[in-house]
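Working notes for the structure below.
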Amino acid sequence: MHISEGVLSAPALIGGASAAAAGIGFGIKKIKDEDLPKVAVLSSALFVASLIHIPLGPASVHLILNGLAGLILGWSVFPALFLALLLQAILFQFGGLTTLGVNTLTMGLPAILCFYLFSKSMRSKSDVLAIISGFLTGVLGVFLASILVALFLVTTGEAFLNVAKLVIIAHIPVMILEGIITSFIIVVIKKIRPEILGGVE
Amino acid sequence: MDEVLVNLKNITFGYPSRPKLLKDLNFTFHKGERIGLTGHNGSGKTTLLHIIMGLLKPFDGEIEIFGKARKNEEDFREVRKRIGLLFQNSDDQLFCPSVYEEIAFAPLNFGKSKEEIKRVVRRILNLVGLEGLEKMPPYHLSGGEKRRLALGTVLAMEPEILLLDEPTLELDEDGVQKLMDILRKPHFSYIVVSQDINFLKKVTDSIHIINDGKIKKYNS
Amino acid sequence: MIEERFSKGDSIIHKLDPRIKIIYAFLFSIIMAVSANPLVLTSGFVFSLALVFLARLEFKEILKRLFLVNIFILLLWLILPLSVPGKLLFSIWKLHITQEGIIYAFQITVRCNTIVLAIIAFLSTSSILNLTYALKSLRIPDKMVYLFFLIYRYIFTLLKEYRRLENALKIRGFIPKTSLQTYRVYAYLTGTLLIRSYDRAEQIYRAMLCRGFTGKFWVLNKNSFKKTDILSIGIFGIYITLLLFLQWMKSS
């Protein structure tokens, strides 16, 4: 999910960029040398996963997985998202350049929130708790991201109010899909490599 | 008998929540030896090589390399300078932007000068047959080229011992022939892990097998 | 999908130093993104169109990319002309379409397409490899540059791995549907990919250690300015000054 170039006002772009820069700076500082390959390859994997098209009724959607990314990467989710978005802009012109900050922020804030809310329950013995947390991670990641996108749109101009509402409504099916898939993913990872869930720290 | 380079005593190792892989394993490797190591999948061949490099720490046992007991990370840093390991999967070993930097990575870390590095890269490119590709990003190479480049990055360190983990994977007949030519050059000591007994017979003097956590001489 | 389609070529644009192309791309995009001046926007659109022509890129592919970008813009066209208050142009049934709304939607369309064209011309005409070197010599922190490169590098390997996993499913007769079973399969696929990546990262770090890694990421850079680069700085500099002047004229 991203906001295209040319839509947002200057204050919105600048605000988004500065907040994202803080997150990126903090995230990159937290990555230890020995963790760099881990952050990189897991980010690549999440990038590849986000290219997959999943059937949803008559259409197909691609996964966003920002909540899961937060659980896996912790604070390094900010530099990871930023670089993934930059790569997307260069390779297939999704998103853009001046919107990099805003888009990193709208995806990254929900991600880090999911990390703080749910990484503990990933470590618990209870599978049920992990499944529920996984579902919430998927739902919340997309839901909050769409709320943030809507907020950025509305701060740009009241004329966007209807567009903003539409963005949130259009993402409701995606939220549920992400919730289901994320909880299934959590089940697999928890069984085989539980250490992946809990942030690269 | 020649100088003992690697001496493993009573090594025990296993991965979490799985039965022990290596049990009281003993192994000695001398200067000038060319050993083949085989065994079925998951028998611990790769694990053994990684233990020698200090990448995995055994639960129990002693490791003596180049005449010194090796215990902590510091000890192994010197070992890694003098022993070169070719990983089973080339993609794991090729993490630099270009072929040139890939070969230069180790020499740069060991503080070689720019001029020296240039010479090393040229020599290695020639040795593994990748001349003219120095600016290529490694991920654009074919499977066989990646394998040869990975070998080149190891040879660039001029190691005293080579540990080769399934070196023939992804190599075609021509590539295997080239690899054999490189290995046949004198004064190498090496351990080759492979499932391919015929290949081992061609490039090594003796073959060992890992079975049930221990190393034994292989008799065909 | 991740092949660098536009990066191959020998046009003037391709040959420009990637470092200055990165700077141009950001400067130009920022000006375009914040300007509402019709002169600035029109000239910017023509300028980036000219750049893309100069780069001699596959026209059909460009149109394809622009089409995808404009899907969201189309949505704005359906809503903005109705929701921006202003002079009534005409009404259909209960819908009132305003002049300001049309102009606003048009502005956004031009801005978005202009910037996308500029990204294609300035950034997509360099390979990720060369952009990596450029970022390094633009003093972006080493860790960031190396992370950028590594993410791209392993997308290659993992995409191949993903396709292998997907093919294994296909030959077992898997047909994706809107069903819990399908979602479970995709989740297992993704989970497997993540687990393998985690293990792979461990191997990569070991391989780094084996080659004497001590925390230094080596990205050698060997960029040097050519005559055309310096010429381009002149032309671009004059053009940007002109844009800023136009922008200032209007606002004062």
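Each chain in the structure tokens gets a letter, A, B and so on, in the order shown; residues start at 1 in every chain, and ligands are counted from 1 in the order they appear.
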
Per DSSP on the backbone, what are the strand (DSSP E or B) residues of chain A, as a list in words?
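Listing strand (DSSP E or B) positions across chain A yields His53, Ile54, Pro55, Leu56, Ala59, Ser60, Val61 and His62 of chain A.
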
For those residues, write N, CA, C and O atoms to a file as a tab-separated table (two decimals), in the first residue's frame.
chain	number	residue	atom	x	y	z
A	53	HIS	N	0.75	-12.85	-5.87
A	53	HIS	CA	-0.66	-12.48	-6.01
A	53	HIS	C	-1.53	-13.58	-5.46
A	53	HIS	O	-1.36	-14.75	-5.79
A	54	ILE	N	-2.44	-13.19	-4.60
A	54	ILE	CA	-3.30	-14.17	-3.95
A	54	ILE	C	-4.73	-13.93	-4.40
A	54	ILE	O	-5.19	-12.79	-4.39
A	55	PRO	N	-5.43	-14.99	-4.83
A	55	PRO	CA	-6.80	-14.80	-5.29
A	55	PRO	C	-7.70	-14.34	-4.16
A	55	PRO	O	-7.62	-14.84	-3.04
A	56	LEU	N	-8.54	-13.36	-4.46
A	56	LEU	CA	-9.50	-12.88	-3.48
A	56	LEU	C	-10.78	-12.56	-4.26
A	56	LEU	O	-10.88	-11.51	-4.90
A	59	ALA	N	-10.96	-10.94	-7.99
A	59	ALA	CA	-9.68	-10.27	-8.27
A	59	ALA	C	-8.54	-11.01	-7.57
A	59	ALA	O	-8.74	-12.10	-7.02
A	60	SER	N	-7.35	-10.42	-7.60
A	60	SER	CA	-6.27	-10.96	-6.78
A	60	SER	C	-5.55	-9.78	-6.15
A	60	SER	O	-5.52	-8.70	-6.71
A	61	VAL	N	-5.03	-10.01	-4.96
A	61	VAL	CA	-4.32	-8.93	-4.28
A	61	VAL	C	-2.91	-9.41	-3.94
A	61	VAL	O	-2.64	-10.62	-3.95
A	62	HIS	N	-2.04	-8.48	-3.70
A	62	HIS	CA	-0.72	-8.92	-3.25
A	62	HIS	C	-0.60	-8.63	-1.76
A	62	HIS	O	-1.24	-7.74	-1.22

Check which residues of chain C sit at most 7 Å from chain A using only C-alpha atoms, and return one row each with the closest pair of atoms and their distance in Å to one decimal, ordered by chain and rising number, as a tab-separated table.
residue	atom	partner	partner_atom	distance
C:Ile2	CA	A:Leu91	CA	6.3
C:Glu4	CA	A:Leu91	CA	6.3
C:Phe26	CA	A:Leu97	CA	6.8
C:Ser29	CA	A:Thr98	CA	6.5
C:Ile30	CA	A:Thr98	CA	6.0
C:Ala33	CA	A:Gly6	CA	5.1
C:Val34	CA	A:Ala10	CA	5.4
C:Ile79	CA	A:Val163	CA	6.9
C:Leu80	CA	A:Ala159	CA	6.4
C:Ser83	CA	A:Ala159	CA	5.2
C:Val84	CA	A:Ala159	CA	5.2
C:Ile108	CA	A:Gly6	CA	5.1
C:Arg111	CA	A:Gly6	CA	4.8
C:Cys112	CA	A:Gly6	CA	4.5
C:Ile115	CA	A:Glu5	CA	6.9
C:Val116	CA	A:Gln93	CA	6.5
C:Ile119	CA	A:Ile90	CA	6.9
C:Leu123	CA	A:Ile90	CA	6.0
C:Ser124	CA	A:Ile90	CA	5.3
C:Leu147	CA	A:Ala40	CA	5.8
C:Phe148	CA	A:Leu83	CA	5.8
C:Leu150	CA	A:Ala40	CA	5.8
C:Ile151	CA	A:Ala40	CA	4.9
C:Tyr152	CA	A:Ser44	CA	6.8
C:Tyr154	CA	A:Ser44	CA	5.9
C:Ile155	CA	A:Ser44	CA	4.9
C:Leu158	CA	A:Ala45	CA	6.4
C:Leu159	CA	A:Val48	CA	6.1
C:Pro176	CA	A:Pro55	CA	6.7
C:Lys177	CA	A:Pro55	CA	5.8
C:Thr178	CA	A:Leu56	CA	5.3
C:Tyr183	CA	A:Ile181	CA	5.9
C:Arg184	CA	A:Phe184	CA	6.1
C:Ala187	CA	A:Ile185	CA	4.9
C:Tyr188	CA	A:Ile185	CA	6.0
C:Thr190	CA	A:Ala49	CA	6.2
C:Gly191	CA	A:Ile185	CA	5.1
C:Leu193	CA	A:Ala45	CA	6.5
C:Leu194	CA	A:Ala45	CA	5.9
C:Ile195	CA	A:Arg193	CA	6.6
C:Ser197	CA	A:Val41	CA	5.8
C:Tyr198	CA	A:Lys38	CA	6.3
C:Ala201	CA	A:Lys38	CA	4.9
C:Ile204	CA	A:Pro37	CA	6.7
C:Tyr205	CA	A:Pro37	CA	6.4
C:Gly215	CA	A:Asp33	CA	5.7

The selected residues should be written to file as a JSON list (two decimals), in the first residue's frame (atoms: C-alpha atoms).
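The new file result_22.json reads:
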[["chain", "number", "residue", "atom", "x", "y", "z"],
["C", 2, "ILE", "CA", 13.07, -7.59, -11.00],
["C", 4, "GLU", "CA", 16.60, -4.05, -14.65],
["C", 26, "PHE", "CA", 15.58, 13.91, -6.10],
["C", 29, "SER", "CA", 11.01, 15.29, -8.09],
["C", 30, "ILE", "CA", 10.88, 17.55, -5.06],
["C", 33, "ALA", "CA", 5.95, 17.46, -6.09],
["C", 34, "VAL", "CA", 5.46, 20.80, -4.35],
["C", 79, "ILE", "CA", -13.80, 11.69, -6.85],
["C", 80, "LEU", "CA", -11.91, 14.98, -6.87],
["C", 83, "SER", "CA", -15.50, 17.06, -3.97],
["C", 84, "VAL", "CA", -13.38, 20.16, -4.53],
["C", 108, "ILE", "CA", -1.93, 15.65, -9.74],
["C", 111, "ARG", "CA", 2.89, 15.80, -11.37],
["C", 112, "CYS", "CA", 2.69, 12.07, -10.85],
["C", 115, "ILE", "CA", 8.00, 12.33, -11.58],
["C", 116, "VAL", "CA", 7.56, 8.73, -12.68],
["C", 119, "ILE", "CA", 12.54, 8.26, -12.09],
["C", 123, "LEU", "CA", 17.33, 6.09, -11.84],
["C", 124, "SER", "CA", 16.11, 3.12, -13.84],
["C", 147, "LEU", "CA", 21.91, -3.35, 3.12],
["C", 148, "PHE", "CA", 20.47, -1.85, -0.07],
["C", 150, "LEU", "CA", 22.26, -7.19, -0.18],
["C", 151, "ILE", "CA", 18.46, -6.92, -0.22],
["C", 152, "TYR", "CA", 18.50, -6.62, -3.99],
["C", 154, "TYR", "CA", 19.17, -11.91, -2.43],
["C", 155, "ILE", "CA", 15.83, -11.02, -4.02],
["C", 158, "LEU", "CA", 14.97, -16.03, -3.30],
["C", 159, "LEU", "CA", 12.76, -15.35, -6.28],
["C", 176, "PRO", "CA", -5.11, -21.16, -6.39],
["C", 177, "LYS", "CA", -8.68, -20.32, -5.37],
["C", 178, "THR", "CA", -10.38, -18.07, -2.85],
["C", 183, "TYR", "CA", -4.32, -19.33, 1.84],
["C", 184, "ARG", "CA", -2.80, -22.02, 3.99],
["C", 187, "ALA", "CA", 1.30, -19.11, 4.01],
["C", 188, "TYR", "CA", 3.37, -22.29, 4.15],
["C", 190, "THR", "CA", 5.99, -17.82, 2.55],
["C", 191, "GLY", "CA", 6.89, -19.38, 5.88],
["C", 193, "LEU", "CA", 10.83, -19.00, 2.26],
["C", 194, "LEU", "CA", 11.40, -17.01, 5.45],
["C", 195, "ILE", "CA", 12.85, -19.99, 7.30],
["C", 197, "SER", "CA", 16.25, -17.16, 4.30],
["C", 198, "TYR", "CA", 16.99, -17.14, 7.98],
["C", 201, "ALA", "CA", 21.66, -15.56, 6.36],
["C", 204, "ILE", "CA", 26.30, -15.96, 4.66],
["C", 205, "TYR", "CA", 27.56, -14.59, 7.93],
["C", 215, "GLY", "CA", 32.74, -5.39, 10.48]]

Chain B residues near chain C within 6 Å, closest pair each, using only C-alpha atoms, as JSON lines:
{"residue": "B:Arg80", "atom": "CA", "partner": "C:Cys210", "partner_atom": "CA", "distance": 5.3}
{"residue": "B:Asp92", "atom": "CA", "partner": "C:Ile204", "partner_atom": "CA", "distance": 4.7}
{"residue": "B:Gln93", "atom": "CA", "partner": "C:Ala207", "partner_atom": "CA", "distance": 5.4}
{"residue": "B:Ala106", "atom": "CA", "partner": "C:Arg211", "partner_atom": "CA", "distance": 4.8}
{"residue": "B:Asn109", "atom": "CA", "partner": "C:Gly212", "partner_atom": "CA", "distance": 5.6}

Same residues, N, CA, C and O atoms, saved as a PDB file, in the first residue's frame:
ATOM      1  N   ARG B  80      40.956 -19.194  10.388  1.00  0.00           N
ATOM      2  CA  ARG B  80      40.218 -18.853   9.166  1.00  0.00           C
ATOM      3  C   ARG B  80      41.103 -18.155   8.146  1.00  0.00           C
ATOM      4  O   ARG B  80      40.822 -18.170   6.953  1.00  0.00           O
ATOM      5  N   ASP B  92      25.499 -18.536  -0.893  1.00  0.00           N
ATOM      6  CA  ASP B  92      25.771 -18.125   0.483  1.00  0.00           C
ATOM      7  C   ASP B  92      27.120 -17.438   0.591  1.00  0.00           C
ATOM      8  O   ASP B  92      27.384 -16.705   1.523  1.00  0.00           O
ATOM      9  N   GLN B  93      27.977 -17.731  -0.365  1.00  0.00           N
ATOM     10  CA  GLN B  93      29.352 -17.271  -0.247  1.00  0.00           C
ATOM     11  C   GLN B  93      29.615 -16.028  -1.086  1.00  0.00           C
ATOM     12  O   GLN B  93      30.646 -15.395  -0.952  1.00  0.00           O
ATOM     13  N   ALA B 106      38.472 -10.926   0.927  1.00  0.00           N
ATOM     14  CA  ALA B 106      39.351 -11.462   1.968  1.00  0.00           C
ATOM     15  C   ALA B 106      40.692 -10.719   2.017  1.00  0.00           C
ATOM     16  O   ALA B 106      41.116 -10.278   3.086  1.00  0.00           O
ATOM     17  N   ASN B 109      40.282  -7.534   3.796  1.00  0.00           N
ATOM     18  CA  ASN B 109      40.148  -7.720   5.238  1.00  0.00           C
ATOM     19  C   ASN B 109      41.479  -8.015   5.902  1.00  0.00           C
ATOM     20  O   ASN B 109      41.692  -7.693   7.060  1.00  0.00           O
TER      21      ASN B 109
END

Quick one: contact table of chain B to chain A, 12 Å max, nearest atom pair and distance in Å to one decimal per residue, counting only C-alpha atoms, chain and number order, as JSON lines?
{"residue": "B:Pro16", "atom": "CA", "partner": "A:Arg193", "partner_atom": "CA", "distance": 10.8}
{"residue": "B:Ser17", "atom": "CA", "partner": "A:Ile192", "partner_atom": "CA", "distance": 10.7}
{"residue": "B:Asp91", "atom": "CA", "partner": "A:Val41", "partner_atom": "CA", "distance": 11.6}
{"residue": "B:Asp92", "atom": "CA", "partner": "A:Pro37", "partner_atom": "CA", "distance": 10.2}
{"residue": "B:Gln93", "atom": "CA", "partner": "A:Pro37", "partner_atom": "CA", "distance": 11.5}
{"residue": "B:Leu94", "atom": "CA", "partner": "A:Pro37", "partner_atom": "CA", "distance": 11.8}
{"residue": "B:Phe95", "atom": "CA", "partner": "A:Pro37", "partner_atom": "CA", "distance": 9.1}
{"residue": "B:Cys96", "atom": "CA", "partner": "A:Pro37", "partner_atom": "CA", "distance": 11.7}

Can you work out which one of B:Leu37, B:Leu164, B:Met53, B:Ile103 has the shortest atom-to-atom distance to Asp196 (chain B), counting only C-alpha atoms?
B:Leu37

Suppose you want the space between CA of Ile168 (chain A) and CA of Trp93 (chain C); what is it in Å?
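CA of Trp93 (chain C) lies at a distance of 27.3 Å from CA of Ile168 (chain A).
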
Compile the contact shell of Pro137 (chain B) as a ChimeraX atom specification: residues with an atom at most 7 Å away, counting only C-alpha atoms, same-chain residues fewer than 4 positions apart removed.
/B:97-99

Based on the selection just made, write N, CA, C and O atoms of those residues as an mmCIF file, in the first residue's frame.
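selection_22.cif, written as the output of this step:
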data_model
loop_
_atom_site.group_PDB
_atom_site.id
_atom_site.type_symbol
_atom_site.label_atom_id
_atom_site.label_comp_id
_atom_site.auth_asym_id
_atom_site.auth_seq_id
_atom_site.Cartn_x
_atom_site.Cartn_y
_atom_site.Cartn_z
ATOM 1 N N PRO B 97 29.209 -6.870 -4.434
ATOM 2 C CA PRO B 97 28.578 -6.314 -5.626
ATOM 3 C C PRO B 97 29.152 -6.818 -6.954
ATOM 4 O O PRO B 97 28.430 -6.916 -7.925
ATOM 5 N N SER B 98 30.448 -7.073 -7.002
ATOM 6 C CA SER B 98 31.001 -7.492 -8.290
ATOM 7 C C SER B 98 32.009 -8.618 -8.096
ATOM 8 O O SER B 98 32.488 -8.861 -6.987
ATOM 9 N N VAL B 99 32.329 -9.295 -9.204
ATOM 10 C CA VAL B 99 33.300 -10.387 -9.174
ATOM 11 C C VAL B 99 34.626 -9.893 -8.596
ATOM 12 O O VAL B 99 35.245 -10.560 -7.771
#

Could you pull out the residues in region 12-213 of chain B that DSSP calls alpha helix (DSSP H) from the backbone, as an MDAnalysis selection string?
chainID B and resid 45:52 73:82 90:93 99:109 114:128 143:155 173:184 197:203

Leaving out Tyr104 (chain C) and any residue of its chain fewer than 3 positions from it, which residues lie within 9 Å of it when counting only C-alpha atoms, given as number ranges by chain?
C: 36, 80-81, 84, 99-101, 107-109

Please dump the current selection as a PDB file, in the first residue's frame; keep C-alpha atoms.
ATOM      1  CA  ALA C  36       1.212  23.969  -8.452  1.00  0.00           C
ATOM      2  CA  LEU C  80     -11.913  14.983  -6.865  1.00  0.00           C
ATOM      3  CA  PRO C  81     -13.947  16.885  -9.515  1.00  0.00           C
ATOM      4  CA  VAL C  84     -13.378  20.162  -4.529  1.00  0.00           C
ATOM      5  CA  GLN C  99     -13.599  23.678 -12.498  1.00  0.00           C
ATOM      6  CA  GLU C 100     -11.245  23.699  -9.506  1.00  0.00           C
ATOM      7  CA  GLY C 101     -11.789  19.987  -9.052  1.00  0.00           C
ATOM      8  CA  GLN C 107      -2.362  18.855 -11.670  1.00  0.00           C
ATOM      9  CA  ILE C 108      -1.933  15.653  -9.743  1.00  0.00           C
ATOM     10  CA  THR C 109      -1.951  13.620 -12.933  1.00  0.00           C
TER      11      THR C 109
END

Taking 4 positions as the minimum chain separation for residues in the same chain, which residues sit within 8 Å of Arg82 (chain B) when counting only C-alpha atoms? Answer as a list in words.
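Everything that qualifies: Glu78, Met157, Glu158, Pro159, Glu160 and Ile161 of chain B.
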
Find the residues around region 167-172 of chain C up to 12 Å (only C-alpha atoms counted), leave out those fewer than 4 positions away in its own chain, and share them as an NGL selection string.
:C and (160-163 or 176 or 182 or 185-186 or 188-189)

I'd like the contact shell of Asp172 (chain B) - 10 Å cut-off, only C-alpha atoms, skipping same-chain residues fewer than 6 positions apart - returned as a PyMOL selection string.
chain B and resi 143-144+178

Take the residues from that selection and write them out as an mmCIF file, in the first residue's frame, keeping C-alpha atoms.
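Result went into part03.cif, see below:
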data_model
loop_
_atom_site.group_PDB
_atom_site.id
_atom_site.type_symbol
_atom_site.label_atom_id
_atom_site.label_comp_id
_atom_site.auth_asym_id
_atom_site.auth_seq_id
_atom_site.Cartn_x
_atom_site.Cartn_y
_atom_site.Cartn_z
ATOM 1 C CA GLY B 143 25.624 -21.801 -11.575
ATOM 2 C CA GLY B 144 28.971 -23.164 -12.745
ATOM 3 C CA LYS B 178 39.006 -27.507 -14.450
#

When you draw a straight line from CA of Lys15 (chain C) to CA of Ile230 (chain C), how long is it in Å?
12.2 Å

I need the residue nearest Ile12 (chain C) from this list: C:Lys227, C:Arg139, C:His96, C:Lys64. Use only C-alpha atoms for the distance.
C:Lys227
